[in-house]
Structures are given as structure tokens and as C-alpha cells.
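Below is work-v7.txt, which holds compact mmCIF, C-alpha atoms and all ligand atoms.
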```
# COMPACT_ATOMS: atom_id res chain seq x y z
CA VAL X 72 161.00 144.03 84.22
CA ASN X 73 161.12 140.35 83.38
CA GLY X 74 157.79 139.04 82.18
CA LYS X 75 154.66 140.80 81.15
CA ILE X 76 153.20 142.91 83.93
CA VAL X 77 149.98 141.42 85.32
CA ILE X 78 148.30 143.38 88.09
CA PRO X 79 145.92 141.62 90.48
CA VAL X 80 142.97 143.89 91.31
CA VAL X 81 141.05 143.82 94.58
CA VAL X 82 137.69 145.59 94.22
CA ASN X 83 136.30 147.00 97.49
CA VAL X 84 132.59 147.82 97.21
CA LEU X 85 130.94 150.12 99.79
CA TYR X 86 127.18 150.30 99.43
CA LYS X 87 124.12 151.81 101.09
CA THR X 88 121.66 151.15 98.28
CA SER X 89 121.37 147.97 96.25
CA ALA X 90 122.36 149.93 93.13
CA GLU X 91 125.63 150.82 94.86
CA ASN X 92 126.25 147.13 95.56
CA ILE X 93 127.38 146.63 91.98
CA SER X 94 127.28 143.20 90.39
CA LEU X 95 130.22 140.98 89.60
CA ALA X 96 129.32 141.48 85.92
CA GLN X 97 129.76 145.25 86.31
CA ILE X 98 133.10 144.71 88.07
CA GLN X 99 134.28 142.30 85.39
CA SER X 100 133.21 144.75 82.66
CA GLN X 101 135.65 147.25 84.20
CA ILE X 102 138.50 144.73 84.25
CA ASP X 103 137.77 143.99 80.58
CA VAL X 104 137.99 147.70 79.70
CA LEU X 105 141.33 148.00 81.52
CA ASN X 106 142.71 145.04 79.60
CA ALA X 107 141.57 146.52 76.30
CA ASP X 108 142.81 150.05 77.02
CA PHE X 109 146.21 148.99 78.39
CA ASN X 110 146.79 146.54 75.53
CA ALA X 111 145.62 148.74 72.65
CA THR X 112 142.76 146.38 71.84
CA ASN X 113 140.05 148.98 72.50
CA ILE X 114 137.82 149.32 69.43
CA GLU X 115 138.64 153.04 68.97
CA TYR X 116 142.42 152.51 68.78
CA ASN X 117 142.26 152.46 64.97
CA SER X 118 140.48 155.82 65.06
CA VAL X 119 143.46 157.64 66.54
CA PRO X 120 144.13 160.47 64.06
CA SER X 121 147.11 159.84 61.77
CA VAL X 122 149.02 162.80 63.22
CA PHE X 123 149.29 160.73 66.41
CA SER X 124 149.67 157.25 64.90
CA GLY X 125 153.44 157.40 65.45
CA VAL X 126 153.07 158.00 69.18
CA LYS X 127 150.05 155.91 70.16
CA ALA X 128 151.07 153.10 72.48
CA ASP X 129 150.30 149.56 73.55
CA ILE X 130 151.16 149.72 77.26
CA ASP X 131 151.18 145.93 77.59
CA ILE X 132 149.98 145.71 81.19
CA SER X 133 147.18 143.28 82.09
CA PHE X 134 144.75 143.22 84.99
CA VAL X 135 143.16 140.23 86.66
CA LEU X 136 140.30 140.33 89.17
CA ASP X 137 141.76 138.92 92.38
CA ALA X 138 138.97 139.43 94.94
CA VAL X 139 135.83 141.42 95.63
CA VAL X 140 135.28 142.73 99.18
CA ARG X 141 131.84 144.12 99.98
CA LYS X 142 130.67 146.17 102.95
CA SER X 143 127.30 147.69 103.72
CA THR X 144 127.44 151.24 105.11
CA LYS X 145 125.11 153.89 106.54
CA LYS X 146 127.01 156.63 104.69
CA SER X 147 125.10 157.89 101.67
CA SER X 148 128.19 159.46 100.07
CA TRP X 149 131.96 159.71 100.45
CA ARG X 150 134.45 162.53 100.06
CA THR X 151 137.99 162.44 98.63
CA ASP X 152 139.47 162.13 102.14
CA ASP X 153 140.39 158.41 101.95
CA SER X 154 137.87 157.36 104.61
CA MET X 155 136.59 154.63 102.26
CA LYS X 156 140.07 153.06 102.65
CA LYS X 157 139.91 152.87 106.46
CA SER X 158 137.80 150.41 108.42
CA ASN X 159 137.89 152.72 111.46
CA LYS X 160 136.16 155.36 109.30
CA GLY X 161 133.53 152.93 107.99
CA GLY X 162 135.55 151.95 104.94
CA ILE X 163 137.54 148.88 103.91
CA ASN X 164 141.29 148.55 104.52
CA PRO X 165 143.28 147.64 101.39
CA THR X 166 144.30 144.03 100.78
CA SER X 167 148.05 143.49 100.10
CA PRO X 168 148.51 146.99 98.64
CA THR X 169 152.17 146.48 97.72
CA THR X 170 151.33 143.60 95.37
CA LYS X 171 147.66 144.22 94.44
CA LEU X 172 145.91 147.25 93.04
CA ASN X 173 143.05 148.14 95.37
CA LEU X 174 140.06 149.78 93.76
CA TRP X 175 137.28 151.21 95.94
CA VAL X 176 133.81 151.67 94.44
CA CYS X 177 131.44 153.93 96.36
CA ASN X 178 129.09 156.89 95.94
CA LEU X 179 131.46 159.87 95.70
CA SER X 180 129.86 163.21 96.54
CA GLY X 181 129.90 166.29 94.31
CA GLY X 182 129.88 164.53 90.94
CA ILE X 183 133.49 163.37 91.34
CA LEU X 184 134.09 160.40 89.06
CA GLY X 185 137.20 159.09 90.75
CA TYR X 186 140.58 159.84 92.27
CA ALA X 187 143.91 158.11 92.63
CA GLN X 188 147.03 158.01 94.75
CA PHE X 189 150.28 158.63 92.86
CA PRO X 190 153.18 156.21 93.31
CA GLY X 191 155.38 156.80 96.35
CA GLY X 192 152.58 157.42 98.85
CA PRO X 193 151.62 155.41 101.94
CA SER X 194 150.54 151.86 101.14
CA ALA X 195 147.61 152.08 103.59
CA THR X 196 145.84 154.44 101.19
CA ASP X 197 147.30 153.22 97.89
CA GLY X 198 144.96 152.55 95.00
CA VAL X 199 142.13 154.24 93.16
CA VAL X 200 138.55 155.20 94.01
CA ILE X 201 135.76 155.10 91.42
CA ASP X 202 132.21 156.40 91.75
CA ASN X 203 129.71 153.56 91.34
CA ASN X 204 128.11 155.42 88.41
CA ALA X 205 131.45 155.58 86.55
CA MET X 206 132.47 151.94 87.10
CA GLY X 207 132.50 149.50 84.18
CA THR X 208 130.07 149.47 81.28
CA THR X 209 126.87 147.96 82.69
CA GLY X 210 124.61 148.09 85.77
CA SER X 211 124.86 151.49 87.50
CA ALA X 212 127.36 152.89 84.96
CA SER X 213 125.90 156.13 83.63
CA ALA X 214 126.50 157.93 80.30
CA PRO X 215 128.70 159.69 79.25
CA PHE X 216 131.00 157.99 81.78
CA ASN X 217 129.84 154.42 81.16
CA LEU X 218 132.73 153.01 79.16
CA GLY X 219 135.06 152.38 82.09
CA ARG X 220 137.50 155.17 81.20
CA THR X 221 137.43 156.74 84.66
CA ALA X 222 139.39 153.74 85.96
CA THR X 223 141.71 153.84 82.93
CA HIS X 224 142.39 157.53 83.71
CA GLU X 225 142.81 156.97 87.46
CA ILE X 226 145.15 154.01 86.95
CA GLY X 227 147.11 156.32 84.65
CA HIS X 228 147.59 158.58 87.70
CA TRP X 229 148.36 155.54 89.89
CA LEU X 230 151.10 154.79 87.33
CA ASN X 231 152.51 158.34 87.60
CA LEU X 232 150.78 160.08 84.69
CA ARG X 233 149.80 163.74 85.03
CA HIS X 234 146.85 165.40 83.33
CA ILE X 235 147.76 166.14 79.73
CA TRP X 236 147.36 169.92 80.31
CA GLY X 237 149.71 169.74 83.32
CA ASP X 238 147.07 171.24 85.66
CA ALA X 239 148.05 174.69 84.47
CA SER X 240 147.44 176.94 81.48
CA CYS X 241 149.72 175.44 78.77
CA GLY X 242 151.27 173.37 81.57
CA SER X 243 153.51 170.31 81.23
CA ASP X 244 152.59 166.67 81.81
CA LEU X 245 156.32 165.80 81.88
CA VAL X 246 155.85 163.75 78.71
CA SER X 247 157.49 165.02 75.52
CA ASP X 248 155.37 163.31 72.85
CA THR X 249 152.04 164.72 74.06
CA PRO X 250 151.19 168.21 72.78
CA THR X 251 150.84 171.16 75.14
CA HIS X 252 147.16 171.75 75.87
CA ASN X 253 145.64 175.05 76.94
CA THR X 254 143.55 173.42 79.65
CA ALA X 255 141.27 170.43 80.23
CA ASN X 256 138.92 169.46 77.40
CA TYR X 257 135.40 168.25 78.15
CA GLY X 258 132.66 166.57 76.15
CA CYS X 259 133.79 165.36 72.75
CA PRO X 260 135.94 167.95 70.97
CA SER X 261 135.89 167.95 67.18
CA PHE X 262 139.17 167.20 65.43
CA PRO X 263 141.45 169.04 64.96
CA HIS X 264 141.34 171.15 68.10
CA TYR X 265 144.28 173.56 68.01
CA SER X 266 146.09 174.69 71.12
CA THR X 267 147.02 178.37 71.42
CA CYS X 268 150.08 177.40 73.47
CA SER X 269 153.58 177.75 72.01
CA GLY X 270 153.72 176.21 68.51
CA SER X 271 149.90 175.94 68.24
CA PRO X 272 149.91 172.13 68.22
CA ILE X 273 146.81 170.01 67.58
CA GLU X 274 145.69 168.88 71.02
CA MET X 275 145.58 165.13 71.76
CA THR X 276 142.04 165.38 73.13
CA MET X 277 141.56 161.61 72.72
CA ASN X 278 144.24 160.88 75.33
CA TYR X 279 143.04 159.08 78.46
CA MET X 280 144.63 161.78 80.61
CA ASP X 281 142.36 164.56 79.30
CA TYR X 282 138.85 165.15 80.72
CA THR X 283 136.67 164.28 77.71
CA ASN X 284 133.73 161.87 77.70
CA ASP X 285 134.54 158.17 77.96
CA SER X 286 133.74 157.59 74.26
CA CYS X 287 136.18 160.33 73.22
CA MET X 288 139.32 159.16 75.09
CA TYR X 289 141.09 156.14 73.62
CA MET X 290 144.89 156.33 73.63
CA PHE X 291 148.07 156.63 75.70
CA SER X 292 151.34 157.80 74.10
CA ASN X 293 154.79 156.19 73.97
CA GLY X 294 156.10 158.82 76.38
CA GLN X 295 153.32 158.02 78.83
CA LYS X 296 154.16 154.33 78.43
CA SER X 297 157.83 154.95 79.33
CA ARG X 298 156.78 156.90 82.40
CA MET X 299 154.47 154.10 83.54
CA LEU X 300 156.83 151.20 82.83
CA ALA X 301 159.76 152.92 84.59
CA LEU X 302 157.92 152.35 87.87
CA PHE X 303 158.28 148.58 87.57
CA SER X 304 162.04 148.49 87.05
CA SER X 305 164.52 147.92 89.88
CA GLY X 306 164.24 150.82 92.32
CA GLY X 307 160.97 151.96 90.75
CA ALA X 308 158.06 152.93 93.00
CA ARG X 309 155.93 150.01 91.79
CA ASN X 310 158.67 147.41 91.48
CA SER X 311 156.81 145.27 94.05
CA PHE X 312 154.15 144.68 91.36
CA ALA X 313 156.66 143.35 88.79
CA GLN X 314 156.96 139.57 88.41
N1 LIG X 401 137.98 163.89 87.46
C1 LIG X 401 138.71 162.68 87.58
C2 LIG X 401 140.21 162.92 87.76
O1 LIG X 401 140.74 163.98 87.55
C3 LIG X 401 138.39 161.67 86.47
C4 LIG X 401 138.04 162.11 85.11
C5 LIG X 401 137.67 160.90 84.26
N2 LIG X 401 137.09 161.25 82.97
C6 LIG X 401 136.30 160.42 82.28
N3 LIG X 401 135.86 160.75 81.10
N4 LIG X 401 135.94 159.25 82.72
O2 LIG X 401 140.97 162.06 88.18
ZN ZN X 402 142.73 162.95 86.70
CA CA X 403 153.52 167.00 76.86
```

Mind converting the file's structure to C-alpha cells?
Ligand code: ARG
Ligand code: ZN
Ligand code: CA
Amino acid sequence: VNGKIVIPVVVNVLYKTSAENISLAQIQSQIDVLNADFNATNIEYNSVPSVFSGVKADIDISFVLDAVVRKSTKKSSWRTDDSMKKSNKGGINPTSPTTKLNLWVCNLSGGILGYAQFPGGPSATDGVVIDNNAMGTTGSASAPFNLGRTATHEIGHWLNLRHIWGDASCGSDLVSDTPTHNTANYGCPSFPHYSTCSGSPIEMTMNYMDYTNDSCMYMFSNGQKSRMLALFSSGGARNSFAQ
């Protein structure tokens, strides 16, 4: 990696209702959250408990809004089957997916807040999908998922991060400086929340890769940072995004 990593973001908006046709202000509010969260300038960063102050990380990746593509649709909701990414399924094809992060905003069915494609997948479906009610901090953004952390979490996946509980009971996220969690945490756990996994560590419930409310997730770790930045080096799966 030579310079600082700056990721152009193309936001693809699919709407049936006017509320789903989110404003540019709502889109920009999401970009602002990403820049804060990936540069450790989010207001909660100083509230990371001292047990984790040695591992909390400034990822040092920035995001810039590149384009907004809008399309009206007759579909009232979308499933996690990538049809929103395909014009022949009523969606919007990605723009330059090997050099720009494509983000689709639509009404996802079943209360799903978002989903992402991990690095190494087909470029035709690369990017992240965010429910219109979990996008940004204004407009249709709805509490407790109205601080833009769904996109922070999904871009974590897009940059190769696993859920902090490893999607298994006391599973591994392949990151050594995050504690082993029993399972996903929801809501806003009180601190300290002890794991009953080996060693009974205090869980890092404020990590973006847990499942807590937006206001209760506010850090990545150094190990997560290494995993993300490795993608941009020569031979890495997201090297095409490096300057
Ligand atoms: N359920 C989604 C996923 O696993 C996103 C969860 C986001 N959580 C949040 N507090 N915004 O990718
Ligand atoms: Zn996730
Ligand atoms: Ca771990």
C-alpha cells in the first residue's frame, strides 16, 4: 500500500415509495459515519473500556461519495439473493466494482439490516446492501439502527472480517486480539459482560462486528485492522482499490 486508502462509493438506490428514495443528505450522513468509524474519529472512541484501549484501532481508510444511481421499482421488498444488483432482475448493475465500492439501498424483507459480499467473490455482485431504514443517520433511518453502523459492519465483512463470535458457540473470528464470545450480543450489554468460553474473557461487545445496537458498537481492533489492510497489498483480494 502506497498512499492512504480512499474508497470511492457508488450508492445505488432502489425505491418504490418516496421514503425509500432516500435523500442525498441521508446518503452523505452515511459516508460521514464511515469516515468517522474507519478513522477513529467517532465520538464514542474515547469510551472504549480501558481493558481494550491497547487494541482499539484507527483503520485509516476513507470513503468518498462517487455517484448516486437511482431506480424506481414495482418491488415492495428485496431478499438476500442479489437481485438488487442485477438490472435483468429489476435491480441496478454495479458501477466499476473492481475500483469502487457499490452500496445498494433498498427495502430488505424480514427485518434484515444489510448483507455483504466477502472479498474474492464475483465482481458482478461485489459490494454491500443496506436496508433503507438502516442507512445513515437521518431521513428514513430508524432507531436503534440509525447511526450508520450497519454499513460500518457490512464493510467490515466486505474487508474480510468475520463476526466476533465466529458464527459458532465460542467460535473464532480469526483475529487474535478480540476475545472469544459465546454468541452474538444484542441491544446494549452492560460492561463488563463475561464470556463463559475458555479463559472467561470480558467480551468486546462494543466491536462493530458484534450485533449490538448502533449506539453500542464503536471500535475495531488492531488484529481486525491487519486483516482488512492485508487485502490492499500486492496480491491481496482488494489490491485494485489501492492507489
Ligand atoms: N445482520 C447484519 C449482518 O450480519 C447486520 C447487523 C448490523 N448491526 C447493527 N447494529 N447495525 O451482516
Ligand atoms: Zn454481519
Ligand atoms: Ca478473536

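Distance-wise, CA of Pro165 in chain X and CA of Val140 in chain X end up 9.6 Å apart.
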
- Message: Need to verify the contact set: range 293-305 of chain X, 12 Å, only C-alpha atoms, exclusion of same-chain residues closer than 2 positions in sequence. Can you return it as a VMD selection string?
- Response: chain X and resid 72 to 78 109 to 111 123 to 132 170 189 to 191 224 226 to 235 244 to 250 278 to 280 290 to 291 307 to 314

Give me the residues within 7 Å of Gln188 in chain X as a CSV table (one decimal) with C-alpha atoms, keeping the file's coordinate frame, counting all atoms listed in the file and dropping any in the same chain fewer than 5 places off.
```csv
chain,number,residue,atom,x,y,z
X,197,ASP,CA,147.3,153.2,97.9
X,198,GLY,CA,145.0,152.6,95.0
X,199,VAL,CA,142.1,154.2,93.2
X,229,TRP,CA,148.4,155.5,89.9
```

- d(CA of Met206 in chain X, CA of Gln101 in chain X) in Å: 6.4 Å

- Go through X:Ala96, X:Ala187, X:Cys287, X:Cys241 and flag the residue nearest ligand CA 403 (chain X), using only C-alpha atoms and all ligand atoms for the distances. X:Cys241

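Using all atoms listed in the file, the smallest distance between any of X:Asn92, X:Thr283, X:Asn178, X:Ser269 and ligand ZN 402 (chain X) comes from X:Thr283.
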
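Nearest to Thr251 in chain X of all the residues X:Ala239, X:Ala214, X:Leu105, X:Cys268 is X:Cys268, counting only C-alpha atoms.
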
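Near Ser118 in chain X, within 10 Å and counting all atoms listed in the file, sit Ile114, Glu115, Tyr116, Pro120, Ser121, Ser124, Met277, Tyr289 and Met290 of chain X; same-chain residues fewer than 2 positions away were not included.
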
Can you spit out the residues from that selection as a PDB file, in the frame of the given file, using C-alpha atoms?
```
ATOM      1  CA  ILE X 114     137.820 149.320  69.430  1.00  0.00           C
ATOM      2  CA  GLU X 115     138.640 153.040  68.970  1.00  0.00           C
ATOM      3  CA  TYR X 116     142.420 152.510  68.780  1.00  0.00           C
ATOM      4  CA  PRO X 120     144.130 160.470  64.060  1.00  0.00           C
ATOM      5  CA  SER X 121     147.110 159.840  61.770  1.00  0.00           C
ATOM      6  CA  SER X 124     149.670 157.250  64.900  1.00  0.00           C
ATOM      7  CA  MET X 277     141.560 161.610  72.720  1.00  0.00           C
ATOM      8  CA  TYR X 289     141.090 156.140  73.620  1.00  0.00           C
ATOM      9  CA  MET X 290     144.890 156.330  73.630  1.00  0.00           C
TER      10      MET X 290
END
```

- Task: Write as an NGL selection string the residues around ligand LIG 401 (chain X), taking 7 Å as the cut-off and counting only C-alpha atoms and all ligand atoms.
- Result: :X and (183-187 or 205 or 216 or 219-221 or 224-225 or 282-285)

Could you put an axis-aligned box around every listed atom of range 293-302 of chain X, padded by 8 Å on each side, and send me its centre and edge lengths in Å to one decimal, as AutoDock Vina command-line options?
```
--center_x 156.5 --center_y 155.0 --center_z 80.9 --size_x 22.4 --size_y 23.6 --size_z 29.9
```

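As for CA of Ser89 in chain X and CA of Ser167 in chain X, they are spaced 27.3 Å apart.
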
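Counting only C-alpha atoms and comparing X:Ser266, X:Ile273, X:Ser261, X:Met288, the residue that lies closest to Gly242 in chain X is X:Ser266.
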
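When the distance limit is 7 Å and only C-alpha atoms are what count, the residues near Lys156 in chain X, minus those fewer than 3 positions from it on the same chain, are Asp153, Gly162, Ile163, Asn164, Pro165 and Thr196 of chain X.
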
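Proximity of X:His252, X:Lys160, X:Lys142, X:Arg150 to ligand CA 403 (chain X), computed with all atoms listed in the file, is greatest for X:His252.
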
Selection near Leu136 in chain X, 9 Å with only C-alpha atoms, sequence-local residues under 3 positions removed, as a PDB file with C-alpha atoms, in the frame of the given file:
```pdb
ATOM      1  CA  ILE X  78     148.300 143.380  88.090  1.00  0.00           C
ATOM      2  CA  PRO X  79     145.920 141.620  90.480  1.00  0.00           C
ATOM      3  CA  VAL X  80     142.970 143.890  91.310  1.00  0.00           C
ATOM      4  CA  VAL X  81     141.050 143.820  94.580  1.00  0.00           C
ATOM      5  CA  VAL X  82     137.690 145.590  94.220  1.00  0.00           C
ATOM      6  CA  ILE X  98     133.100 144.710  88.070  1.00  0.00           C
ATOM      7  CA  GLN X  99     134.280 142.300  85.390  1.00  0.00           C
ATOM      8  CA  ILE X 102     138.500 144.730  84.250  1.00  0.00           C
ATOM      9  CA  VAL X 139     135.830 141.420  95.630  1.00  0.00           C
TER      10      VAL X 139
END
```

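Remark: for ligand CA 403 (chain X), the closest of the candidate residues X:Thr151, X:Ser211, X:Ser243, X:Ser180 is X:Ser243 (distances computed over all atoms listed in the file).
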